[in-house]
$ cat structure_2.pdb   # PDB, C-alpha atoms, pLDDT in the B column
ATOM      1  CA  MET H 158      75.659  94.308 123.808  1.00 55.00           C
ATOM      2  CA  LYS H 159      77.475  90.982 123.864  1.00 66.00           C
ATOM      3  CA  VAL H 160      80.216  89.870 121.517  1.00 74.00           C
ATOM      4  CA  GLU H 161      79.205  86.575 119.951  1.00 74.00           C
ATOM      5  CA  SER H 162      81.361  83.493 119.629  1.00 74.00           C
ATOM      6  CA  LEU H 163      83.401  83.262 116.458  1.00 74.00           C
ATOM      7  CA  LYS H 164      81.407  81.687 113.614  1.00 74.00           C
ATOM      8  CA  ILE H 165      84.443  80.745 111.511  1.00 73.00           C
ATOM      9  CA  ASP H 166      87.447  78.563 112.274  1.00 86.00           C
ATOM     10  CA  LYS H 167      90.001  80.494 110.219  1.00 92.00           C
ATOM     11  CA  LEU H 168      90.688  83.444 107.959  1.00 95.00           C
ATOM     12  CA  THR H 169      92.561  82.900 104.706  1.00 96.00           C
ATOM     13  CA  THR H 170      94.670  85.214 102.561  1.00 97.00           C
ATOM     14  CA  GLU H 171      96.742  84.567  99.459  1.00 97.00           C
ATOM     15  CA  ARG H 172      99.683  83.135 101.435  1.00 98.00           C
ATOM     16  CA  LEU H 173      98.414  82.801 105.006  1.00 98.00           C
ATOM     17  CA  ILE H 174      95.914  81.075 107.242  1.00 97.00           C
ATOM     18  CA  LEU H 175      94.897  82.731 110.523  1.00 97.00           C
ATOM     19  CA  ILE H 176      93.564  80.383 113.223  1.00 96.00           C
ATOM     20  CA  PRO H 177      92.350  81.592 116.630  1.00 95.00           C
ATOM     21  CA  PHE H 178      94.171  80.440 119.740  1.00 94.00           C
ATOM     22  CA  THR H 179      92.193  78.443 122.297  1.00 93.00           C
ATOM     23  CA  ILE H 180      92.943  78.024 125.987  1.00 94.00           C
ATOM     24  CA  PRO H 181      94.008  74.356 125.630  1.00 95.00           C
ATOM     25  CA  VAL H 182      96.346  75.201 122.731  1.00 95.00           C
ATOM     26  CA  CYS H 183      97.940  78.053 124.716  1.00 95.00           C
ATOM     27  CA  ARG H 184      98.382  75.931 127.838  1.00 96.00           C
ATOM     28  CA  ASN H 185      99.863  73.068 125.844  1.00 96.00           C
ATOM     29  CA  ILE H 186     102.346  75.348 124.068  1.00 96.00           C
ATOM     30  CA  LEU H 187     103.441  76.756 127.444  1.00 96.00           C
ATOM     31  CA  ASN H 188     104.090  73.128 128.499  1.00 96.00           C
ATOM     32  CA  GLU H 189     105.974  72.435 125.248  1.00 95.00           C
ATOM     33  CA  ASN H 190     103.202  70.074 124.171  1.00 96.00           C
ATOM     34  CA  TYR H 191     102.455  70.561 120.464  1.00 95.00           C
ATOM     35  CA  SER H 192      99.999  67.672 120.008  1.00 94.00           C
ATOM     36  CA  ASP H 193      97.133  70.073 119.190  1.00 93.00           C
ATOM     37  CA  LEU H 194      99.189  71.582 116.389  1.00 93.00           C
ATOM     38  CA  ASP H 195     100.205  68.108 115.165  1.00 93.00           C
ATOM     39  CA  SER H 196      96.540  67.045 115.021  1.00 94.00           C
ATOM     40  CA  TRP H 197      95.844  70.103 112.821  1.00 93.00           C
ATOM     41  CA  ASN H 198      98.852  69.246 110.612  1.00 95.00           C
ATOM     42  CA  LEU H 199     100.610  72.450 111.647  1.00 96.00           C
ATOM     43  CA  LYS H 200     104.356  72.796 112.111  1.00 95.00           C
ATOM     44  CA  LYS H 201     106.361  75.134 114.286  1.00 94.00           C
ATOM     45  CA  GLY H 202     108.249  77.793 112.341  1.00 93.00           C
ATOM     46  CA  LYS H 203     112.039  77.853 112.787  1.00 93.00           C
ATOM     47  CA  SER H 204     112.029  79.911 116.000  1.00 94.00           C
ATOM     48  CA  TRP H 205     108.345  79.660 116.887  1.00 95.00           C
ATOM     49  CA  PRO H 206     107.279  79.985 119.620  1.00 95.00           C
ATOM     50  CA  ASP H 207     109.772  82.735 120.346  1.00 92.00           C
ATOM     51  CA  ASN H 208     110.114  84.577 123.666  1.00 92.00           C
ATOM     52  CA  ASP H 209     107.502  87.159 122.646  1.00 90.00           C
ATOM     53  CA  VAL H 210     104.925  84.402 122.084  1.00 92.00           C
ATOM     54  CA  ILE H 211     105.783  82.640 125.356  1.00 94.00           C
ATOM     55  CA  GLU H 212     105.430  85.941 127.247  1.00 93.00           C
ATOM     56  CA  THR H 213     102.131  86.710 125.489  1.00 92.00           C
ATOM     57  CA  LEU H 214     100.419  83.323 125.961  1.00 94.00           C
ATOM     58  CA  PRO H 215      99.364  83.971 129.611  1.00 95.00           C
ATOM     59  CA  ARG H 216      97.713  87.243 128.485  1.00 92.00           C
ATOM     60  CA  ILE H 217      95.985  85.395 125.634  1.00 93.00           C
ATOM     61  CA  ILE H 218      94.693  82.809 128.131  1.00 93.00           C
ATOM     62  CA  ASN H 219      93.483  85.611 130.411  1.00 92.00           C
ATOM     63  CA  ASN H 220      91.590  87.247 127.522  1.00 90.00           C
ATOM     64  CA  LEU H 221      90.059  83.921 126.500  1.00 91.00           C
ATOM     65  CA  LEU H 222      88.937  83.231 130.087  1.00 91.00           C
ATOM     66  CA  LYS H 223      86.730  86.342 129.848  1.00 88.00           C
ATOM     67  CA  VAL H 224      84.616  84.845 127.036  1.00 87.00           C
ATOM     68  CA  GLU H 225      82.732  81.564 126.640  1.00 82.00           C
ATOM     69  CA  SER H 226      84.608  80.685 123.457  1.00 83.00           C
ATOM     70  CA  PRO H 227      86.848  82.629 121.051  1.00 89.00           C
ATOM     71  CA  THR H 228      85.113  85.690 119.616  1.00 90.00           C
ATOM     72  CA  GLY H 229      87.878  86.660 117.192  1.00 91.00           C
ATOM     73  CA  PHE H 230      88.753  89.655 119.344  1.00 91.00           C
ATOM     74  CA  GLU H 231      91.525  87.671 120.989  1.00 93.00           C
ATOM     75  CA  SER H 232      94.698  86.299 119.369  1.00 94.00           C
ATOM     76  CA  TRP H 233      95.273  84.275 116.197  1.00 96.00           C
ATOM     77  CA  MET H 234      98.168  82.159 114.923  1.00 97.00           C
ATOM     78  CA  ILE H 235      99.702  83.176 111.577  1.00 98.00           C
ATOM     79  CA  ILE H 236     100.406  80.148 109.377  1.00 97.00           C
ATOM     80  CA  LYS H 237     102.148  79.988 105.998  1.00 97.00           C
ATOM     81  CA  LYS H 238      99.812  78.122 103.633  1.00 97.00           C
ATOM     82  CA  GLU H 239     102.650  76.677 101.576  1.00 96.00           C
ATOM     83  CA  THR H 240     104.408  74.927 104.484  1.00 97.00           C
ATOM     84  CA  SER H 241     101.773  74.855 107.291  1.00 97.00           C
ATOM     85  CA  GLU H 242     104.360  76.544 109.532  1.00 97.00           C
ATOM     86  CA  ILE H 243     103.288  78.874 112.327  1.00 97.00           C
ATOM     87  CA  ILE H 244     105.317  82.040 111.815  1.00 97.00           C
ATOM     88  CA  GLY H 245     103.711  84.471 114.232  1.00 96.00           C
ATOM     89  CA  ASP H 246     100.590  85.729 115.888  1.00 95.00           C
ATOM     90  CA  LEU H 247      98.295  88.703 115.773  1.00 96.00           C
ATOM     91  CA  GLY H 248      95.024  89.788 117.156  1.00 93.00           C
ATOM     92  CA  PHE H 249      93.321  91.871 119.748  1.00 93.00           C
ATOM     93  CA  LYS H 250      93.335  92.274 123.516  1.00 87.00           C
ATOM     94  CA  GLY H 251      89.591  91.723 123.785  1.00 85.00           C
ATOM     95  CA  PHE H 252      86.669  93.969 122.895  1.00 87.00           C
ATOM     96  CA  ASN H 253      86.319  97.360 124.636  1.00 88.00           C
ATOM     97  CA  TYR H 254      82.538  97.733 125.046  1.00 88.00           C
ATOM     98  CA  LYS H 255      82.701 101.339 126.229  1.00 89.00           C
ATOM     99  CA  ASP H 256      84.556 102.620 123.165  1.00 91.00           C
ATOM    100  CA  GLN H 257      83.441  99.857 120.771  1.00 90.00           C
ATOM    101  CA  SER H 258      87.106  99.357 119.950  1.00 93.00           C
ATOM    102  CA  VAL H 259      89.839  96.739 119.800  1.00 94.00           C
ATOM    103  CA  ASP H 260      93.594  97.125 120.242  1.00 95.00           C
ATOM    104  CA  ILE H 261      95.687  95.253 117.661  1.00 96.00           C
ATOM    105  CA  GLY H 262      99.084  93.658 118.083  1.00 93.00           C
ATOM    106  CA  TYR H 263     101.173  91.383 115.885  1.00 94.00           C
ATOM    107  CA  GLY H 264     104.516  89.657 115.661  1.00 93.00           C
ATOM    108  CA  ILE H 265     106.378  87.568 113.093  1.00 94.00           C
ATOM    109  CA  ILE H 266     109.374  85.324 113.874  1.00 95.00           C
ATOM    110  CA  LYS H 267     112.679  86.856 112.806  1.00 93.00           C
ATOM    111  CA  GLU H 268     113.267  84.372 109.948  1.00 95.00           C
ATOM    112  CA  GLU H 269     110.043  85.432 108.228  1.00 95.00           C
ATOM    113  CA  ARG H 270     110.186  89.207 108.659  1.00 92.00           C
ATOM    114  CA  ARG H 271     110.371  91.655 105.753  1.00 92.00           C
ATOM    115  CA  LYS H 272     108.447  89.320 103.434  1.00 95.00           C
ATOM    116  CA  GLY H 273     105.065  91.069 103.684  1.00 95.00           C
ATOM    117  CA  TYR H 274     103.457  88.529 106.022  1.00 97.00           C
ATOM    118  CA  ALA H 275     102.650  91.053 108.762  1.00 95.00           C
ATOM    119  CA  GLU H 276     101.040  93.379 106.228  1.00 95.00           C
ATOM    120  CA  GLU H 277      98.969  90.565 104.722  1.00 97.00           C
ATOM    121  CA  ALA H 278      97.814  89.265 108.117  1.00 97.00           C
ATOM    122  CA  VAL H 279      97.083  92.704 109.596  1.00 96.00           C
ATOM    123  CA  LYS H 280      95.071  93.732 106.526  1.00 96.00           C
ATOM    124  CA  GLU H 281      92.923  90.590 106.805  1.00 96.00           C
ATOM    125  CA  ILE H 282      92.290  90.883 110.550  1.00 96.00           C
ATOM    126  CA  ILE H 283      91.400  94.588 110.224  1.00 95.00           C
ATOM    127  CA  LYS H 284      89.024  93.780 107.362  1.00 95.00           C
ATOM    128  CA  TRP H 285      87.434  91.037 109.494  1.00 94.00           C
ATOM    129  CA  ALA H 286      87.154  93.307 112.568  1.00 94.00           C
ATOM    130  CA  PHE H 287      85.462  96.102 110.651  1.00 93.00           C
ATOM    131  CA  SER H 288      83.056  93.608 109.066  1.00 91.00           C
ATOM    132  CA  ASN H 289      81.627  93.314 112.587  1.00 86.00           C
ATOM    133  CA  GLU H 290      79.423  96.360 112.889  1.00 85.00           C
ATOM    134  CA  ILE H 291      80.163  96.683 116.613  1.00 89.00           C
ATOM    135  CA  VAL H 292      83.801  97.721 115.956  1.00 93.00           C
ATOM    136  CA  LYS H 293      84.069 101.477 115.509  1.00 93.00           C
ATOM    137  CA  GLU H 294      87.812 101.886 116.091  1.00 95.00           C
ATOM    138  CA  ILE H 295      91.031  99.879 116.102  1.00 96.00           C
ATOM    139  CA  THR H 296      93.896 101.149 118.215  1.00 96.00           C
ATOM    140  CA  ALA H 297      97.576 100.174 118.198  1.00 95.00           C
ATOM    141  CA  ASN H 298     100.861 101.136 119.760  1.00 94.00           C
ATOM    142  CA  CYS H 299     104.494 100.534 118.907  1.00 93.00           C
ATOM    143  CA  LEU H 300     107.945 101.637 119.939  1.00 93.00           C
ATOM    144  CA  ILE H 301     109.104 104.854 118.278  1.00 95.00           C
ATOM    145  CA  GLU H 302     112.143 103.085 116.818  1.00 94.00           C
ATOM    146  CA  ASN H 303     110.070 100.235 115.336  1.00 92.00           C
ATOM    147  CA  THR H 304     110.056 101.751 111.856  1.00 92.00           C
ATOM    148  CA  ASN H 305     108.553  98.611 110.293  1.00 92.00           C
ATOM    149  CA  SER H 306     105.448  98.885 112.496  1.00 92.00           C
ATOM    150  CA  VAL H 307     105.277 102.663 112.044  1.00 94.00           C
ATOM    151  CA  ASN H 308     105.349 102.173 108.265  1.00 94.00           C
ATOM    152  CA  LEU H 309     102.769  99.369 108.362  1.00 93.00           C
ATOM    153  CA  LEU H 310     100.316 101.294 110.533  1.00 95.00           C
ATOM    154  CA  THR H 311     100.757 104.396 108.380  1.00 94.00           C
ATOM    155  CA  LYS H 312     100.132 102.315 105.244  1.00 93.00           C
ATOM    156  CA  PHE H 313      96.701 101.312 106.597  1.00 93.00           C
ATOM    157  CA  ASN H 314      95.870 104.934 107.451  1.00 94.00           C
ATOM    158  CA  PHE H 315      96.242 104.667 111.216  1.00 95.00           C
ATOM    159  CA  ILE H 316      96.459 108.168 112.674  1.00 95.00           C
ATOM    160  CA  GLU H 317      99.079 108.957 115.297  1.00 95.00           C
ATOM    161  CA  LEU H 318      97.360 110.102 118.494  1.00 95.00           C
ATOM    162  CA  ARG H 319     100.326 110.782 120.754  1.00 95.00           C
ATOM    163  CA  THR H 320     103.870 109.814 121.683  1.00 95.00           C
ATOM    164  CA  GLU H 321     104.554 108.908 125.264  1.00 94.00           C
ATOM    165  CA  ASN H 322     107.372 107.020 127.023  1.00 93.00           C
ATOM    166  CA  ASN H 323     109.048 105.923 123.770  1.00 94.00           C
ATOM    167  CA  MET H 324     105.716 104.614 122.407  1.00 95.00           C
ATOM    168  CA  ILE H 325     103.487 105.883 119.600  1.00 96.00           C
ATOM    169  CA  TYR H 326      99.731 105.423 120.066  1.00 96.00           C
ATOM    170  CA  TRP H 327      97.532 105.067 116.980  1.00 96.00           C
ATOM    171  CA  THR H 328      93.871 104.932 115.970  1.00 95.00           C
ATOM    172  CA  LEU H 329      91.984 103.775 112.885  1.00 94.00           C
ATOM    173  CA  GLU H 330      88.298 104.252 112.128  1.00 91.00           C
ATOM    174  CA  ASN H 331      86.501 102.069 109.619  1.00 82.00           C
ATOM    175  CA  LYS H 332      85.936 104.967 107.206  1.00 79.00           C
ATOM    176  CA  ASN H 333      89.720 105.560 107.017  1.00 77.00           C
ATOM    177  CA  PHE H 334      90.786 101.954 106.420  1.00 74.00           C
ATOM    178  CA  LYS H 335      92.171 101.274 102.968  1.00 66.00           C
TER     179      LYS H 335
END
$ encode --input "structure_2.pdb" --output "C-alpha cells"
Amino acid sequence: MKVESLKIDKLTTERLILIPFTIPVCRNILNENYSDLDSWNLKKGKSWPDNDVIETLPRIINNLLKVESPTGFESWMIIKKETSEIIGDLGFKGFNYKDQSVDIGYGIIKEERRKGYAEEAVKEIIKWAFSNEIVKEITANCLIENTNSVNLLTKFNFIELRTENNMIYWTLENKNFK
C-alpha cells in the first residue's frame, strides 16, 4: 500500500482555508523569507510564526522528505478566509502503514484562540482523513492540564487510552467520529 500524492490544493470550511506545507515554504519560513506566502496573497497572523511553529518546521520538513509530494498526512497551514492571515497549523506526523493510522496535532496563535478555529480546522482535517479509506484510526496526545485540547478531543469522541508522564493519549476510529 502506498499513500498517494494529495489531489487537492486546499480544504475549505466556513471561516478557514487549510493549505498543505511544502518543503520550500517551510525552509523559507525558517529563513524569514515569506515570498511564497506573498505570492499566494497570504499574510502572517499577529504572532505567526510563533515559537511552536518554528520548532515544528524541521519535523514537517523531515516528514515531507519521506514522500514524493504532500499526501495530506503531513502538516497544513490554517488561514482565516476573511483576512488571508495564517493563524496556526495542524496536521499529521505522516501515515503509519502498520496500524493504518495518523497522529494529529494542531496549534493556533494566542491572539486567535478561544474563537472556535481549532475546532473548525480539526473537524475538517479529521473528515478529510477518514474520507481516505486507508485511515482506520486517528491518534492524539496532549498535556493533562491543556483543558482546551482535552475538551476538543472529547467533543469529537476521541477515547482516552492512557495517561503517562503528564500526557493523555487518545484514539478515534472512523465509526466514532461525529
$ residues_around --input "structure_2.pdb" --residues "Ala286 of chain H" --least-positions-apart "2" --cutoff "10 Å" --atoms "all atoms listed in the file" --output "VMD selection string"
chain H and resid 229 to 230 248 to 249 258 to 259 280 to 284 288 to 295 331
$ write_last_selection --input "structure_2.pdb" --atoms "C-alpha atoms" --output "compact mmCIF listing (two decimals), keeping the file's coordinate frame"
# COMPACT_ATOMS: atom_id res chain seq x y z
CA GLY H 229 87.88 86.66 117.19
CA PHE H 230 88.75 89.66 119.34
CA GLY H 248 95.02 89.79 117.16
CA PHE H 249 93.32 91.87 119.75
CA SER H 258 87.11 99.36 119.95
CA VAL H 259 89.84 96.74 119.80
CA LYS H 280 95.07 93.73 106.53
CA GLU H 281 92.92 90.59 106.80
CA ILE H 282 92.29 90.88 110.55
CA ILE H 283 91.40 94.59 110.22
CA LYS H 284 89.02 93.78 107.36
CA SER H 288 83.06 93.61 109.07
CA ASN H 289 81.63 93.31 112.59
CA GLU H 290 79.42 96.36 112.89
CA ILE H 291 80.16 96.68 116.61
CA VAL H 292 83.80 97.72 115.96
CA LYS H 293 84.07 101.48 115.51
CA GLU H 294 87.81 101.89 116.09
CA ILE H 295 91.03 99.88 116.10
CA ASN H 331 86.50 102.07 109.62
$ residues_around --input "structure_2.pdb" --residues "Leu318 of chain H" --least-positions-apart "3" --cutoff "8 Å" --atoms "all atoms listed in the file" --output "ChimeraX atom specification"
/H:325-328
$ atom_distance --input "structure_2.pdb" --atom1 "atom CA of Cys299 of chain H" --atom2 "atom CA of Ile261 of chain H"
10.3 Å
$ resolve_selection --input "structure_2.pdb" --expression "the PyMOL selection byres ((chain H and resi 238-241) around 8)" --output "list in words"
Arg172, Leu173, Ile174, Asn198, Leu199, Lys200, Ile236, Lys237, Glu242 and Ile243 of chain H
$ closest_residue --input "structure_2.pdb" --among "H:Cys183, H:Ile235, H:Leu221, H:Leu300" --to "Glu277 of chain H" --atoms "only C-alpha atoms"
H:Ile235
$ atom_distance --input "structure_2.pdb" --atom1 "atom CA of Asn188 of chain H" --atom2 "atom CA of Gly251 of chain H"
24.0 Å
$ residues_around --input "structure_2.pdb" --residues "segment 263-272 of chain H" --least-positions-apart "5" --cutoff "10 Å" --atoms "all atoms listed in the file" --output "VMD selection string"
chain H and resid 202 to 210 232 to 235 237 243 to 249 277 to 279 297 305 to 306
$ atom_distance --input "structure_2.pdb" --atom1 "atom CA of Asn322 of chain H" --atom2 "atom CA of Asn303 of chain H"
13.8 Å
$ closest_residue --input "structure_2.pdb" --among "H:Asn333, H:Arg184, H:Leu309, H:Met324" --to "Tyr274 of chain H" --atoms "only C-alpha atoms"
H:Leu309
$ closest_residue --input "structure_2.pdb" --among "H:Thr311, H:Thr304, H:Thr320, H:Ser162" --to "Glu225 of chain H" --atoms "all atoms listed in the file"
H:Ser162
$ residues_around --input "structure_2.pdb" --residues "Glu161 of chain H" --least-positions-apart "6" --cutoff "9 Å" --atoms "all atoms listed in the file" --output "MDAnalysis selection string"
chainID H and resid 226:228
